[in-house]
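Source file protein-v6.txt; content: compact mmCIF, C-alpha atoms.
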# COMPACT_ATOMS: atom_id res chain seq x y z
CA MET O 1 21.67 127.17 74.07
CA SER O 2 23.18 124.39 76.18
CA LEU O 3 26.57 123.03 75.18
CA PRO O 4 27.04 119.43 74.07
CA ASP O 5 28.49 117.33 76.89
CA ALA O 6 31.53 116.48 74.74
CA ILE O 7 32.81 120.07 74.71
CA THR O 8 31.46 121.40 78.02
CA PRO O 9 34.86 121.07 79.79
CA LEU O 10 36.31 123.63 77.38
CA PHE O 11 33.89 126.32 78.55
CA THR O 12 34.44 126.24 82.29
CA PRO O 13 36.01 129.52 83.55
CA LEU O 14 39.34 129.41 85.36
CA ASP O 15 40.90 131.91 87.78
CA LEU O 16 44.49 132.01 86.55
CA ALA O 17 45.76 134.79 88.81
CA ASP O 18 44.41 137.52 91.03
CA GLY O 19 42.33 139.70 88.71
CA LEU O 20 42.74 137.36 85.74
CA THR O 21 39.85 134.99 85.04
CA LEU O 22 39.77 132.99 81.81
CA PRO O 23 36.22 132.59 80.40
CA ASN O 24 37.14 129.25 78.83
CA ARG O 25 39.92 126.64 78.88
CA ILE O 26 40.92 127.05 75.22
CA VAL O 27 44.45 128.41 74.84
CA MET O 28 45.76 129.66 71.53
CA ALA O 29 49.18 128.00 71.39
CA PRO O 30 52.32 130.00 70.54
CA MET O 31 53.10 129.72 66.83
CA THR O 32 56.04 131.34 65.06
CA ARG O 33 54.73 133.34 62.10
CA CYS O 34 57.82 135.40 61.07
CA MET O 35 55.78 138.52 60.34
CA ALA O 36 57.55 141.26 62.36
CA GLY O 37 58.54 144.47 60.64
CA ASP O 38 61.81 146.42 60.49
CA GLY O 39 63.73 146.23 63.73
CA LEU O 40 61.73 143.10 64.64
CA VAL O 41 58.86 145.39 65.67
CA PRO O 42 55.31 143.95 65.82
CA THR O 43 53.07 145.30 63.08
CA GLU O 44 49.46 146.43 62.79
CA ALA O 45 48.76 143.21 60.87
CA MET O 46 49.94 141.25 63.90
CA ALA O 47 47.66 143.30 66.14
CA ALA O 48 44.68 142.48 63.94
CA TYR O 49 45.69 138.81 63.75
CA TYR O 50 45.74 138.34 67.51
CA ALA O 51 42.65 140.48 68.11
CA ARG O 52 40.59 138.30 65.74
CA ARG O 53 41.31 135.39 68.09
CA GLY O 54 40.45 137.29 71.26
CA ALA O 55 37.68 134.87 72.27
CA ALA O 56 40.30 132.31 73.33
CA GLY O 57 40.51 131.86 77.08
CA LEU O 58 44.18 132.82 76.75
CA ILE O 59 46.38 133.72 73.79
CA ILE O 60 50.11 133.00 73.99
CA THR O 61 52.09 134.99 71.45
CA GLU O 62 54.64 133.66 69.05
CA GLY O 63 58.13 133.32 70.48
CA THR O 64 59.51 136.80 71.23
CA ILE O 65 63.27 137.15 71.54
CA VAL O 66 64.70 138.63 74.72
CA ARG O 67 67.90 140.01 73.22
CA PRO O 68 69.41 140.29 69.71
CA ASP O 69 71.44 137.08 69.84
CA GLY O 70 68.25 135.13 70.63
CA GLN O 71 67.07 135.20 67.01
CA GLY O 72 67.07 132.04 64.90
CA TYR O 73 64.31 132.64 62.35
CA PRO O 74 63.56 135.53 59.99
CA ASP O 75 61.35 138.41 61.14
CA THR O 76 60.60 137.10 64.63
CA PRO O 77 59.56 139.90 67.00
CA GLY O 78 61.65 141.10 69.91
CA LEU O 79 60.98 142.71 73.26
CA PHE O 80 64.28 144.47 73.97
CA SER O 81 63.88 147.87 72.24
CA GLU O 82 61.56 150.80 72.86
CA ALA O 83 60.09 150.44 69.38
CA GLN O 84 59.31 146.77 70.01
CA VAL O 85 57.62 147.58 73.32
CA ALA O 86 55.51 150.22 71.57
CA GLY O 87 54.61 147.74 68.82
CA TRP O 88 53.55 145.11 71.33
CA ARG O 89 51.54 147.71 73.24
CA ARG O 90 49.41 148.20 70.12
CA VAL O 91 48.93 144.43 69.87
CA VAL O 92 47.91 144.15 73.52
CA GLU O 93 45.47 147.05 73.22
CA ALA O 94 43.86 145.43 70.17
CA VAL O 95 43.45 142.10 71.97
CA HIS O 96 42.07 143.73 75.10
CA SER O 97 39.63 145.76 73.00
CA ALA O 98 38.42 142.44 71.56
CA GLY O 99 37.91 141.09 75.10
CA GLY O 100 40.96 138.86 75.09
CA ARG O 101 43.84 138.02 77.41
CA LEU O 102 47.43 137.84 76.16
CA PHE O 103 50.65 136.30 77.48
CA CYS O 104 53.96 137.00 75.72
CA GLN O 105 56.23 134.01 75.14
CA LEU O 106 59.82 134.98 76.03
CA TRP O 107 62.35 133.20 73.84
CA HIS O 108 66.04 132.72 73.20
CA VAL O 109 66.91 130.07 70.62
CA GLY O 110 70.47 129.44 71.81
CA ARG O 111 72.28 127.16 69.38
CA VAL O 112 69.28 126.98 67.01
CA SER O 113 70.55 130.00 65.11
CA HIS O 114 73.11 131.01 62.50
CA PRO O 115 75.71 133.79 62.18
CA THR O 116 73.57 135.40 59.47
CA TYR O 117 71.16 136.51 62.21
CA LEU O 118 73.94 137.50 64.62
CA ASP O 119 76.13 139.90 62.62
CA GLY O 120 78.55 137.05 61.93
CA ALA O 121 78.88 135.89 65.54
CA LEU O 122 78.42 132.28 66.56
CA PRO O 123 75.20 131.28 68.35
CA ILE O 124 75.49 130.82 72.11
CA ALA O 125 74.70 127.63 74.01
CA PRO O 126 75.52 125.85 77.28
CA SER O 127 78.16 123.80 75.44
CA ALA O 128 79.74 123.78 71.99
CA VAL O 129 77.65 120.89 70.67
CA PRO O 130 77.02 121.15 66.91
CA LEU O 131 73.52 121.17 65.49
CA GLU O 132 72.92 119.45 62.16
CA GLY O 133 70.32 120.40 59.59
CA ARG O 134 69.07 123.31 57.56
CA VAL O 135 68.03 126.66 59.03
CA PRO O 136 64.26 127.02 58.36
CA ARG O 137 63.20 129.21 55.43
CA THR O 138 66.82 129.48 54.22
CA ASP O 139 69.45 127.46 52.36
CA LEU O 140 71.83 127.76 55.32
CA THR O 141 73.02 124.91 57.52
CA TYR O 142 73.49 125.07 61.27
CA THR O 143 76.95 125.37 62.79
CA THR O 144 78.71 124.67 66.08
CA PRO O 145 77.70 127.20 68.75
CA ARG O 146 79.92 128.97 71.23
CA ALA O 147 79.72 127.81 74.86
CA LEU O 148 78.69 130.59 77.22
CA ALA O 149 81.39 131.66 79.64
CA LEU O 150 80.34 131.39 83.28
CA ALA O 151 80.48 135.18 83.66
CA GLU O 152 78.10 135.67 80.73
CA ILE O 153 75.24 133.61 82.13
CA PRO O 154 73.93 136.27 84.56
CA GLU O 155 73.70 138.68 81.62
CA VAL O 156 71.42 136.28 79.76
CA VAL O 157 69.28 135.74 82.86
CA ALA O 158 68.99 139.51 83.25
CA ALA O 159 67.83 139.82 79.63
CA TYR O 160 64.83 137.62 80.43
CA GLY O 161 64.03 139.81 83.42
CA THR O 162 64.28 142.96 81.32
CA ALA O 163 62.03 141.43 78.66
CA ALA O 164 59.47 140.65 81.36
CA THR O 165 59.64 144.24 82.59
CA ASN O 166 59.07 145.36 79.00
CA ALA O 167 56.14 142.96 78.67
CA LYS O 168 54.54 144.46 81.75
CA ALA O 169 55.12 147.96 80.36
CA ALA O 170 53.43 146.90 77.11
CA GLY O 171 50.36 145.80 79.07
CA PHE O 172 50.58 142.02 78.70
CA ASP O 173 48.49 140.00 81.15
CA GLY O 174 51.49 137.77 81.79
CA VAL O 175 54.36 135.95 80.12
CA GLU O 176 55.31 132.40 79.24
CA ILE O 177 58.98 131.46 79.41
CA HIS O 178 59.90 129.27 76.46
CA GLY O 179 61.88 126.53 78.16
CA ALA O 180 61.02 123.81 75.64
CA ASN O 181 61.56 122.43 72.15
CA GLY O 182 65.35 122.45 72.08
CA TYR O 183 65.93 126.18 72.57
CA LEU O 184 68.32 127.82 75.04
CA ILE O 185 66.71 126.98 78.39
CA ASP O 186 65.94 123.45 77.19
CA GLN O 187 69.57 123.09 76.12
CA PHE O 188 70.64 123.56 79.74
CA LEU O 189 68.16 120.89 80.88
CA HIS O 190 69.33 118.00 78.68
CA HIS O 191 72.59 116.06 78.80
CA HIS O 192 72.93 116.02 75.02
CA THR O 193 73.46 119.78 74.88
CA ASN O 194 74.73 120.51 78.40
CA ARG O 195 78.28 119.15 78.82
CA ARG O 196 79.29 121.71 81.45
CA ASP O 197 81.13 120.79 84.66
CA ASP O 198 80.57 124.06 86.53
CA ALA O 199 77.63 125.48 88.50
CA TYR O 200 75.34 125.05 85.48
CA GLY O 201 76.05 121.46 84.51
CA GLY O 202 76.88 117.95 85.63
CA THR O 203 74.15 117.35 88.23
CA PRO O 204 70.36 117.79 88.15
CA GLU O 205 70.62 120.72 90.56
CA HIS O 206 73.24 122.46 88.45
CA MET O 207 71.54 121.73 85.12
CA ALA O 208 68.26 123.18 86.39
CA ARG O 209 69.92 126.30 87.81
CA PHE O 210 69.75 128.47 84.67
CA CYS O 211 66.05 127.75 84.17
CA LEU O 212 65.22 128.51 87.79
CA GLU O 213 67.22 131.74 87.74
CA VAL O 214 65.29 132.83 84.64
CA VAL O 215 61.97 131.93 86.30
CA ASP O 216 62.85 133.93 89.39
CA ALA O 217 63.97 136.98 87.39
CA VAL O 218 60.85 136.94 85.24
CA ALA O 219 58.45 136.30 88.11
CA ALA O 220 59.97 139.15 90.10
CA ALA O 221 59.20 141.50 87.21
CA MET O 222 55.71 140.19 86.46
CA GLY O 223 54.30 139.68 89.96
CA PRO O 224 52.48 136.70 91.51
CA GLY O 225 50.80 134.20 89.22
CA ARG O 226 51.62 136.00 85.99
CA THR O 227 54.44 133.75 84.75
CA GLY O 228 54.05 130.42 82.98
CA ILE O 229 56.73 128.16 81.54
CA ARG O 230 56.78 125.69 78.67
CA LEU O 231 58.89 122.55 79.18
CA SER O 232 59.89 119.49 77.13
CA PRO O 233 60.94 116.69 79.51
CA ALA O 234 61.09 114.32 76.54
CA ALA O 235 63.80 115.46 74.13
CA TYR O 236 62.31 115.25 70.68
CA HIS O 237 63.14 118.49 68.82
CA PHE O 238 66.71 119.72 68.12
CA MET O 239 67.80 117.29 70.83
CA GLU O 240 68.89 113.69 71.40
CA GLN O 241 67.21 111.67 74.16
CA ASP O 242 69.05 110.70 77.34
CA PRO O 243 67.33 108.84 80.21
CA ARG O 244 69.40 110.85 82.71
CA ASP O 245 67.36 113.92 81.81
CA VAL O 246 64.43 112.67 83.90
CA ALA O 247 66.34 113.37 87.11
CA VAL O 248 66.93 116.94 85.95
CA PHE O 249 63.23 117.51 85.36
CA ASP O 250 62.30 115.75 88.61
CA HIS O 251 64.38 118.35 90.46
CA LEU O 252 63.22 121.26 88.31
CA LEU O 253 59.53 120.49 88.76
CA ALA O 254 59.92 120.04 92.51
CA GLU O 255 61.45 123.50 92.63
CA LEU O 256 58.80 125.03 90.37
CA GLY O 257 56.10 123.55 92.58
CA GLY O 258 57.19 125.90 95.33
CA ARG O 259 56.90 129.00 93.14
CA ASP O 260 53.74 130.97 92.38
CA LEU O 261 53.43 130.26 88.66
CA ALA O 262 50.41 130.59 86.41
CA TYR O 263 51.03 127.16 84.85
CA VAL O 264 53.43 124.71 83.28
CA HIS O 265 52.83 124.14 79.57
CA ALA O 266 53.75 120.81 77.93
CA GLY O 267 56.03 121.46 74.98
CA ILE O 268 55.24 118.47 72.78
CA ALA O 269 53.83 117.98 69.30
CA GLY O 270 51.76 114.91 70.25
CA HIS O 271 49.75 114.86 73.46
CA HIS O 272 49.53 111.05 73.48
CA TRP O 273 53.10 110.34 72.38
CA THR O 274 54.81 108.02 74.88
CA TYR O 275 58.42 107.68 76.00
CA ASP O 276 59.78 104.56 77.66
CA TYR O 277 62.02 106.51 80.05
CA LEU O 278 59.06 108.49 81.42
CA LYS O 279 57.39 106.19 83.96
CA GLU O 280 54.07 107.93 83.33
CA GLY O 281 54.39 107.48 79.55
CA THR O 282 53.34 110.84 78.11
CA VAL O 283 54.81 114.26 78.76
CA ALA O 284 51.52 115.58 80.13
CA ALA O 285 51.14 112.63 82.49
CA TYR O 286 54.71 113.05 83.70
CA LEU O 287 54.22 116.77 84.33
CA ARG O 288 50.89 116.08 86.06
CA ALA O 289 52.57 113.61 88.40
CA HIS O 290 55.50 115.87 89.30
CA TYR O 291 54.05 119.39 89.26
CA PRO O 292 51.16 120.32 91.61
CA GLY O 293 50.04 123.47 89.82
CA ARG O 294 48.02 124.10 86.68
CA LEU O 295 48.98 122.24 83.53
CA VAL O 296 48.45 123.31 79.93
CA ALA O 297 48.38 120.31 77.61
CA CYS O 298 49.28 120.60 73.93
CA GLY O 299 49.88 118.40 70.93
CA GLY O 300 47.60 117.93 67.94
CA PHE O 301 44.32 118.58 69.74
CA THR O 302 40.95 118.87 68.10
CA PRO O 303 38.31 120.61 70.23
CA GLU O 304 36.82 117.22 71.02
CA SER O 305 40.09 115.59 72.06
CA ALA O 306 41.04 118.69 74.06
CA ALA O 307 37.75 118.55 75.94
CA ALA O 308 38.26 114.84 76.60
CA ALA O 309 41.72 115.50 78.04
CA LEU O 310 40.30 118.12 80.39
CA ALA O 311 37.41 115.87 81.42
CA ALA O 312 39.89 113.08 82.22
CA GLY O 313 41.90 115.38 84.45
CA GLU O 314 44.95 115.21 82.21
CA ALA O 315 45.29 119.00 82.22
CA ASP O 316 43.58 122.21 83.31
CA LEU O 317 43.86 124.01 79.97
CA ALA O 318 44.27 122.82 76.39
CA ALA O 319 46.42 124.64 73.83
CA ILE O 320 45.35 124.49 70.19
CA GLY O 321 47.62 125.66 67.40
CA ARG O 322 47.08 125.25 63.67
CA PRO O 323 43.27 125.13 63.84
CA PHE O 324 43.47 128.69 65.19
CA ILE O 325 45.36 129.76 62.06
CA ALA O 326 42.58 128.39 59.88
CA ASN O 327 39.76 129.54 62.17
CA PRO O 328 40.12 132.96 63.81
CA ASP O 329 36.59 132.36 65.15
CA LEU O 330 37.44 128.90 66.48
CA VAL O 331 35.88 129.46 69.90
CA ALA O 332 32.55 130.56 68.43
CA ARG O 333 32.54 127.69 65.95
CA VAL O 334 33.17 125.16 68.71
CA ARG O 335 30.50 126.69 70.93
CA GLU O 336 27.94 126.67 68.12
CA GLY O 337 28.84 123.19 66.89
CA GLU O 338 30.01 124.46 63.49
CA GLU O 339 32.56 122.59 61.39
CA LEU O 340 36.10 123.97 61.47
CA VAL O 341 37.94 125.06 58.34
CA ALA O 342 40.76 122.60 57.64
CA TYR O 343 44.30 123.92 58.10
CA HIS O 344 46.63 124.02 55.08
CA GLU O 345 50.31 125.05 54.91
CA ARG O 346 49.54 127.78 52.41
CA MET O 347 47.75 129.60 55.23
CA LEU O 348 51.15 130.30 56.77
CA LEU O 349 51.93 132.69 53.93
CA LYS O 350 49.36 135.25 55.08
CA LEU O 351 48.66 136.71 58.50
CA GLU O 352 44.87 136.64 58.64
What do you get writing this file as structure tokens?
Amino acid sequence: MSLPDAITPLFTPLDLADGLTLPNRIVMAPMTRCMAGDGLVPTEAMAAYYARRGAAGLIITEGTIVRPDGQGYPDTPGLFSEAQVAGWRRVVEAVHSAGGRLFCQLWHVGRVSHPTYLDGALPIAPSAVPLEGRVPRTDLTYTTPRALALAEIPEVVAAYGTAATNAKAAGFDGVEIHGANGYLIDQFLHHHTNRRDDAYGGTPEHMARFCLEVVDAVAAAMGPGRTGIRLSPAAYHFMEQDPRDVAVFDHLLAELGGRDLAYVHAGIAGHHWTYDYLKEGTVAAYLRAHYPGRLVACGGFTPESAAAALAAGEADLAAIGRPFIANPDLVARVREGEELVAYHERMLLKLE
């Protein structure tokens, strides 16, 4: 059966890396589900959940913390213990058995945490800038984080590299560095949260340094073309906007363009949202203009709008989130022209 023209762009294969060909351009976006077991170990239910969605061109896991002080939500999985590596290996095997491809999203929340997750310690951040609001799924309120000492930063970078080594040992096809949405790496990239005046703050080159060191450590562990990164040039989540941030991302993207990455992934909730300090308007258009490699677009896509974005050259891959929660068989439904089940928040309560 021939595909309707409107969705044909979604079903064009893509060679992402040597030995890794995606059969379609539909990416299952990373979505925090808070369903890890004791010790933040992935469960059999998680393995079944991801395997049911194995027809996606690429699945990106929920955020997976790189060391214990990276946690900011309940029951989020880690990738720093032997038990966690073994748990993820079962997930990867299930996805591969279903014919899928799986990247692990490496995550540290930085200041978006609370001492209750950290044995009473303060969250870490580039600078001691307080975060207001309530910690999700709790009655707790955020606090003021502790600024990382200069000597501590290499230890955090090394934790990302170790997590990547663990991801490779677990059999993942690659990893995505979570550098977006107001979490630790993003905190270094924005003036609101980076008030440092040392080698990691003050200038675009210094503010981008932590991110680039993480990229290099992770890429060295994963090998060529097996590392992606998610970025939020427009501060919109856990972050205040500052027009000076554009210069930071201009420098960062120029540097990333010279590295052998799988892709850059737009970390934004609305693909067509515009920002007056981005000359190109949208986050995806800005990334497209400043990064020469593959781009994953994201932000409220339907299959039809995702296909249109690909057809227009706005991105190379399209990440879809909540519709994948409601439709484990989303790829088949789109291919067959079947109506999708509507997403509802109550679906978050069960891992199906």
Using all atoms listed in the file, what table do you get, as a Markdown table, when you list each residue of segment 57-84 of chain O with an atom no more than 9 Å from segment 116-123 of chain O, its nearest pair of atoms, and their distance in Å rounded to one decimal, rows by chain then rising number?
| residue | atom | partner | partner_atom | distance |
| --- | --- | --- | --- | --- |
| O:Pro68 | CA | O:Leu118 | CA | 7.4 |
| O:Asp69 | CA | O:Leu118 | CA | 5.8 |
| O:Gly70 | CA | O:Pro123 | CA | 8.3 |
| O:Gln71 | CA | O:Tyr117 | CA | 6.4 |
| O:Gly72 | CA | O:Tyr117 | CA | 6.6 |
| O:Tyr73 | CA | O:Tyr117 | CA | 7.9 |
| O:Pro74 | CA | O:Tyr117 | CA | 8.0 |
Original post:
Taking into account all atoms listed in the file, which residue in the set O:Ala307, O:Leu189, O:Leu58, O:Leu348 is nearest to Val334 of chain O?
Top reply: O:Ala307
Using only C-alpha atoms, I'd like a table of the residues in segment 176-216 of chain O that come within 10 Å of segment 228-239 of chain O; for each, show the closest atom pair and its distance in Å rounded to one decimal, ordered by chain and ascending number, as a Markdown table.
| residue | atom | partner | partner_atom | distance |
| --- | --- | --- | --- | --- |
| O:Glu176 | CA | O:Gly228 | CA | 4.4 |
| O:Ile177 | CA | O:Ile229 | CA | 4.5 |
| O:His178 | CA | O:Arg230 | CA | 5.2 |
| O:Gly179 | CA | O:Leu231 | CA | 5.1 |
| O:Ala180 | CA | O:Leu231 | CA | 4.3 |
| O:Asn181 | CA | O:His237 | CA | 5.4 |
| O:Gly182 | CA | O:Phe238 | CA | 5.0 |
| O:Tyr183 | CA | O:Phe238 | CA | 7.9 |
| O:Ile185 | CA | O:Leu231 | CA | 9.0 |
| O:Asp186 | CA | O:Ser232 | CA | 7.2 |
| O:Gln187 | CA | O:Met239 | CA | 8.0 |
| O:Leu189 | CA | O:Pro233 | CA | 8.5 |
| O:His190 | CA | O:Ala235 | CA | 7.6 |
| O:His191 | CA | O:Met239 | CA | 9.4 |
| O:His192 | CA | O:Met239 | CA | 6.7 |
| O:Thr193 | CA | O:Met239 | CA | 7.4 |
| O:Cys211 | CA | O:Ile229 | CA | 9.7 |
| O:Val215 | CA | O:Ile229 | CA | 8.0 |
Could you write out that same residue set with C-alpha atoms as a short mmCIF file (atom, residue, chain, number, x, y, z; two decimals), in the frame of the given file?
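Wrote it out as again_38.cif, contents follow:
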data_model
loop_
_atom_site.label_atom_id
_atom_site.label_comp_id
_atom_site.auth_asym_id
_atom_site.auth_seq_id
_atom_site.Cartn_x
_atom_site.Cartn_y
_atom_site.Cartn_z
CA GLU O 176 55.31 132.40 79.24
CA ILE O 177 58.98 131.46 79.41
CA HIS O 178 59.90 129.27 76.46
CA GLY O 179 61.88 126.53 78.16
CA ALA O 180 61.02 123.81 75.64
CA ASN O 181 61.56 122.43 72.15
CA GLY O 182 65.35 122.45 72.08
CA TYR O 183 65.93 126.18 72.57
CA ILE O 185 66.71 126.98 78.39
CA ASP O 186 65.94 123.45 77.19
CA GLN O 187 69.57 123.09 76.12
CA LEU O 189 68.16 120.89 80.88
CA HIS O 190 69.33 118.00 78.68
CA HIS O 191 72.59 116.06 78.80
CA HIS O 192 72.93 116.02 75.02
CA THR O 193 73.46 119.78 74.88
CA CYS O 211 66.05 127.75 84.17
CA VAL O 215 61.97 131.93 86.30
#
Original post:
Of the residues O:Leu20, O:Val27, O:Ala47, O:Cys34, which is the one nearest to Ala315 of chain O, using only C-alpha atoms?
Top reply: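 Residue with the minimum atom-to-atom distance to Ala315 of chain O: O:Val27.
When atom CA of Ala326 of chain O is paired with atom CA of Pro4 of chain O, their separation reads 22.9 Å.
Considering the residues O:Ala319, O:Ala262, O:Ile124, O:Leu10 and counting all atoms listed in the file, Ile60 of chain O has its shortest atom-to-atom contact with O:Ala319.
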Original post:
In Å to one decimal, how far is atom CA of His251 of chain O from atom CA of Tyr200 of chain O?
Top reply: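 Atom-to-atom, atom CA of Tyr200 of chain O and atom CA of His251 of chain O are spaced 13.8 Å apart.
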Original post:
Quick one: distance from atom CA of Ile320 of chain O to atom CA of Gly300 of chain O in Å, one decimal?
Top reply: 7.3 Å
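Comparing the minimum interatomic distances between Glu314 of chain O and each of O:Asp276, O:Glu345, O:Ala266, O:Gly133, counting only C-alpha atoms, we find that O:Ala266 sits nearest.
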Original post:
Hey, which of O:Ala94, O:Ala167, O:Leu261, O:Ala318 ends up closest to Phe80 of chain O? Count all atoms listed in the file.
Top reply: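 Once distances to Phe80 of chain O are computed over all atoms listed in the file, the minimum belongs to O:Ala167.
The nearest approach to Thr12 of chain O among the residues O:Pro42, O:Val135, O:Glu62, O:Leu310, with only C-alpha atoms taken into account, belongs to O:Leu310.
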Subject >> Shell around Arg195 of chain O at 12 Å using all atoms listed in the file, local window under 4 positions removed, as a ChimeraX atom specification >> reply: /O:125-129,147-148,187-191,199-203,206-207
